[in-house]
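S.K.: To start, I am sharing the structure in question, which I have written as structure tokens.
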Amino acid sequence: MKGVKQTEFAVNCPETTLALESVPGLMHSVPFSYAFFSTLKKNSQIAPHTGPCNIRLRCHLPLVVPDGDCGMNIGGHDIKWKVGEPIIFDDCYEHYVWNNTDQDRVVLLFDIWHPSLHPEEVTSIEEMFRYAKDQGWGSGKDNKSQKDDE
């Protein structure tokens, strides 16, 4: 979650962990990378939104898909999940989901590096986030303020 592997996930879901680790280009070292089971409860929606950056593609591997009015809209195109058939999309495009059925929908959601990035760019992005983490940026810790430098 957010680029940090969760030990509890690996312990409770070892086969899923192995499967994810075999995915070419799986993102796992930057805060914009996720891998988790996403449950959309019955009779619920997630409002239109966009991803924070265009360095990744988002993958949905449908595991439980109820019959009926349950789907996703990506960039104005309606899509229906089918169990076992992955959907890979650029989440920078506005998207939203709905489940107007009486059952939950479950997908394995994970991110891969955007294929238009060169390996050197991926390495640079990883190094940038590693440096930021080492500096304590974004950790909530008190950092030396600009005022202290004046």
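Naming works like this for the structure tokens: A, B, ... for the chains as they're shown, residue 1 at the start of each chain, ligands 1 onward in shown order.
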Can you list, as an mmCIF file with N, CA, C and O atoms, in the first residue's frame, every residue of segment 15-66 of chain A that DSSP puts in strand (DSSP E)?

M.R.:
data_model
loop_
_atom_site.group_PDB
_atom_site.id
_atom_site.type_symbol
_atom_site.label_atom_id
_atom_site.label_comp_id
_atom_site.auth_asym_id
_atom_site.auth_seq_id
_atom_site.Cartn_x
_atom_site.Cartn_y
_atom_site.Cartn_z
ATOM 1 N N ALA A 35 -1.626 -2.189 -4.246
ATOM 2 C CA ALA A 35 -2.072 -3.548 -4.574
ATOM 3 C C ALA A 35 -2.920 -4.004 -3.397
ATOM 4 O O ALA A 35 -2.419 -4.094 -2.268
ATOM 5 N N PHE A 36 -4.199 -4.245 -3.651
ATOM 6 C CA PHE A 36 -5.102 -4.659 -2.577
ATOM 7 C C PHE A 36 -6.394 -5.213 -3.173
ATOM 8 O O PHE A 36 -6.679 -5.028 -4.360
ATOM 9 N N PHE A 37 -7.168 -5.883 -2.329
ATOM 10 C CA PHE A 37 -8.488 -6.340 -2.727
ATOM 11 C C PHE A 37 -9.451 -5.174 -2.525
ATOM 12 O O PHE A 37 -9.572 -4.648 -1.419
ATOM 13 N N SER A 38 -10.105 -4.768 -3.586
ATOM 14 C CA SER A 38 -11.046 -3.652 -3.538
ATOM 15 C C SER A 38 -12.470 -4.200 -3.562
ATOM 16 O O SER A 38 -12.862 -4.865 -4.529
ATOM 17 N N THR A 39 -13.206 -3.934 -2.497
ATOM 18 C CA THR A 39 -14.595 -4.372 -2.405
ATOM 19 C C THR A 39 -15.502 -3.172 -2.582
ATOM 20 O O THR A 39 -15.376 -2.185 -1.853
ATOM 21 N N LEU A 40 -16.382 -3.263 -3.561
ATOM 22 C CA LEU A 40 -17.408 -2.248 -3.760
ATOM 23 C C LEU A 40 -18.700 -2.837 -3.218
ATOM 24 O O LEU A 40 -19.230 -3.814 -3.770
ATOM 25 N N SER A 44 -23.791 0.731 -3.996
ATOM 26 C CA SER A 44 -22.897 1.852 -3.702
ATOM 27 C C SER A 44 -22.188 2.315 -4.969
ATOM 28 O O SER A 44 -22.207 1.638 -5.995
ATOM 29 N N GLN A 45 -21.574 3.490 -4.870
ATOM 30 C CA GLN A 45 -20.861 4.094 -5.984
ATOM 31 C C GLN A 45 -19.598 4.760 -5.453
ATOM 32 O O GLN A 45 -19.512 5.091 -4.280
ATOM 33 N N ILE A 46 -18.645 4.969 -6.340
ATOM 34 C CA ILE A 46 -17.503 5.831 -6.065
ATOM 35 C C ILE A 46 -17.593 6.952 -7.098
ATOM 36 O O ILE A 46 -17.650 6.696 -8.298
ATOM 37 N N ALA A 47 -17.628 8.180 -6.618
ATOM 38 C CA ALA A 47 -17.837 9.355 -7.465
ATOM 39 C C ALA A 47 -16.704 9.509 -8.486
ATOM 40 O O ALA A 47 -15.597 8.998 -8.290
ATOM 41 N N PRO A 48 -16.972 10.240 -9.563
ATOM 42 C CA PRO A 48 -15.936 10.483 -10.569
ATOM 43 C C PRO A 48 -14.678 11.087 -9.939
ATOM 44 O O PRO A 48 -14.756 11.977 -9.093
ATOM 45 N N HIS A 49 -13.525 10.573 -10.366
ATOM 46 C CA HIS A 49 -12.238 11.025 -9.852
ATOM 47 C C HIS A 49 -11.151 10.680 -10.859
ATOM 48 O O HIS A 49 -11.397 9.952 -11.822
ATOM 49 N N ARG A 56 1.656 5.591 -14.024
ATOM 50 C CA ARG A 56 1.180 4.227 -13.779
ATOM 51 C C ARG A 56 -0.047 3.916 -14.630
ATOM 52 O O ARG A 56 -0.720 4.806 -15.145
ATOM 53 N N LEU A 57 -0.309 2.622 -14.747
ATOM 54 C CA LEU A 57 -1.588 2.135 -15.227
ATOM 55 C C LEU A 57 -2.204 1.352 -14.085
ATOM 56 O O LEU A 57 -1.505 0.665 -13.334
ATOM 57 N N ARG A 58 -3.497 1.440 -13.949
ATOM 58 C CA ARG A 58 -4.221 0.741 -12.889
ATOM 59 C C ARG A 58 -4.819 -0.534 -13.482
ATOM 60 O O ARG A 58 -5.338 -0.537 -14.593
ATOM 61 N N CYS A 59 -4.732 -1.599 -12.721
ATOM 62 C CA CYS A 59 -5.257 -2.893 -13.156
ATOM 63 C C CYS A 59 -6.345 -3.358 -12.199
ATOM 64 O O CYS A 59 -6.184 -3.272 -10.980
ATOM 65 N N HIS A 60 -7.437 -3.833 -12.753
ATOM 66 C CA HIS A 60 -8.501 -4.480 -11.993
ATOM 67 C C HIS A 60 -8.575 -5.922 -12.475
ATOM 68 O O HIS A 60 -8.828 -6.164 -13.663
ATOM 69 N N LEU A 61 -8.362 -6.872 -11.583
ATOM 70 C CA LEU A 61 -8.587 -8.282 -11.889
ATOM 71 C C LEU A 61 -9.854 -8.681 -11.150
ATOM 72 O O LEU A 61 -9.849 -8.852 -9.926
ATOM 73 N N PRO A 62 -10.977 -8.802 -11.866
ATOM 74 C CA PRO A 62 -12.250 -9.095 -11.219
ATOM 75 C C PRO A 62 -12.283 -10.510 -10.622
ATOM 76 O O PRO A 62 -11.966 -11.484 -11.307
ATOM 77 N N LEU A 63 -12.658 -10.576 -9.349
ATOM 78 C CA LEU A 63 -12.761 -11.855 -8.648
ATOM 79 C C LEU A 63 -14.208 -12.229 -8.351
ATOM 80 O O LEU A 63 -14.580 -13.390 -8.466
ATOM 81 N N VAL A 64 -15.010 -11.248 -7.957
ATOM 82 C CA VAL A 64 -16.435 -11.455 -7.681
ATOM 83 C C VAL A 64 -17.183 -10.319 -8.355
ATOM 84 O O VAL A 64 -16.970 -9.148 -8.022
#

S.K.: Where in segment 23-139 of chain A does DSSP assign alpha helix (DSSP H), given as a ChimeraX atom specification?

M.R.: /A:119-134

S.K.: Any idea what's packed within 12 Å of Glu94 of chain A, counting only C-alpha atoms, ignoring anything in its chain fewer than 2 positions away? Could you give it as an NGL selection string?

M.R.: :A and (46-52 or 72-78 or 89-92 or 96-97)

S.K.: For the residues in that selection, give me N, CA and C atoms as an mmCIF file, in the first residue's frame.

M.R.:
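Output file selection_37.cif follows:
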data_model
loop_
_atom_site.group_PDB
_atom_site.id
_atom_site.type_symbol
_atom_site.label_atom_id
_atom_site.label_comp_id
_atom_site.auth_asym_id
_atom_site.auth_seq_id
_atom_site.Cartn_x
_atom_site.Cartn_y
_atom_site.Cartn_z
ATOM 1 N N ILE A 46 -18.645 4.969 -6.340
ATOM 2 C CA ILE A 46 -17.503 5.831 -6.065
ATOM 3 C C ILE A 46 -17.593 6.952 -7.098
ATOM 4 N N ALA A 47 -17.628 8.180 -6.618
ATOM 5 C CA ALA A 47 -17.837 9.355 -7.465
ATOM 6 C C ALA A 47 -16.704 9.509 -8.486
ATOM 7 N N PRO A 48 -16.972 10.240 -9.563
ATOM 8 C CA PRO A 48 -15.936 10.483 -10.569
ATOM 9 C C PRO A 48 -14.678 11.087 -9.939
ATOM 10 N N HIS A 49 -13.525 10.573 -10.366
ATOM 11 C CA HIS A 49 -12.238 11.025 -9.852
ATOM 12 C C HIS A 49 -11.151 10.680 -10.859
ATOM 13 N N THR A 50 -9.953 11.209 -10.623
ATOM 14 C CA THR A 50 -8.801 10.906 -11.465
ATOM 15 C C THR A 50 -7.637 10.507 -10.575
ATOM 16 N N GLY A 51 -6.668 9.802 -11.155
ATOM 17 C CA GLY A 51 -5.458 9.442 -10.442
ATOM 18 C C GLY A 51 -4.564 10.655 -10.271
ATOM 19 N N PRO A 52 -3.564 10.566 -9.377
ATOM 20 C CA PRO A 52 -2.720 11.714 -9.064
ATOM 21 C C PRO A 52 -1.604 11.990 -10.073
ATOM 22 N N MET A 72 -18.105 0.214 -14.527
ATOM 23 C CA MET A 72 -17.153 1.309 -14.397
ATOM 24 C C MET A 72 -17.245 2.155 -15.664
ATOM 25 N N ASN A 73 -17.050 3.443 -15.497
ATOM 26 C CA ASN A 73 -16.987 4.344 -16.633
ATOM 27 C C ASN A 73 -15.599 4.970 -16.630
ATOM 28 N N ILE A 74 -14.898 4.837 -17.747
ATOM 29 C CA ILE A 74 -13.559 5.415 -17.888
ATOM 30 C C ILE A 74 -13.586 6.340 -19.094
ATOM 31 N N GLY A 75 -13.383 7.622 -18.849
ATOM 32 C CA GLY A 75 -13.341 8.585 -19.951
ATOM 33 C C GLY A 75 -14.594 8.584 -20.800
ATOM 34 N N GLY A 76 -15.735 8.354 -20.179
ATOM 35 C CA GLY A 76 -17.006 8.373 -20.905
ATOM 36 C C GLY A 76 -17.423 7.045 -21.507
ATOM 37 N N HIS A 77 -16.659 5.981 -21.272
ATOM 38 C CA HIS A 77 -16.977 4.666 -21.820
ATOM 39 C C HIS A 77 -17.342 3.706 -20.693
ATOM 40 N N ASP A 78 -18.540 3.127 -20.777
ATOM 41 C CA ASP A 78 -18.966 2.149 -19.776
ATOM 42 C C ASP A 78 -18.293 0.805 -20.016
ATOM 43 N N PHE A 89 -6.144 0.271 -17.261
ATOM 44 C CA PHE A 89 -6.520 1.589 -17.754
ATOM 45 C C PHE A 89 -5.645 2.672 -17.132
ATOM 46 N N ASP A 90 -5.600 3.794 -17.797
ATOM 47 C CA ASP A 90 -4.880 4.966 -17.307
ATOM 48 C C ASP A 90 -5.841 5.736 -16.412
ATOM 49 N N ASP A 91 -5.594 5.705 -15.107
ATOM 50 C CA ASP A 91 -6.549 6.329 -14.192
ATOM 51 C C ASP A 91 -6.415 7.841 -14.120
ATOM 52 N N CYS A 92 -5.584 8.432 -15.005
ATOM 53 C CA CYS A 92 -5.577 9.893 -15.138
ATOM 54 C C CYS A 92 -6.852 10.370 -15.824
ATOM 55 N N TYR A 96 -15.303 6.386 -12.734
ATOM 56 C CA TYR A 96 -16.141 6.155 -11.562
ATOM 57 C C TYR A 96 -16.721 4.751 -11.662
ATOM 58 N N VAL A 97 -17.177 4.256 -10.534
ATOM 59 C CA VAL A 97 -17.716 2.898 -10.494
ATOM 60 C C VAL A 97 -19.051 2.894 -9.766
#

S.K.: Give me the residues near segment 4-19 of chain A as a PyMOL selection string, where near means some atom within 7 Å (using only C-alpha atoms) and where sequence neighbours in that chain fewer than 3 positions away do not count.

M.R.: chain A and resi 1+22-23+28-29
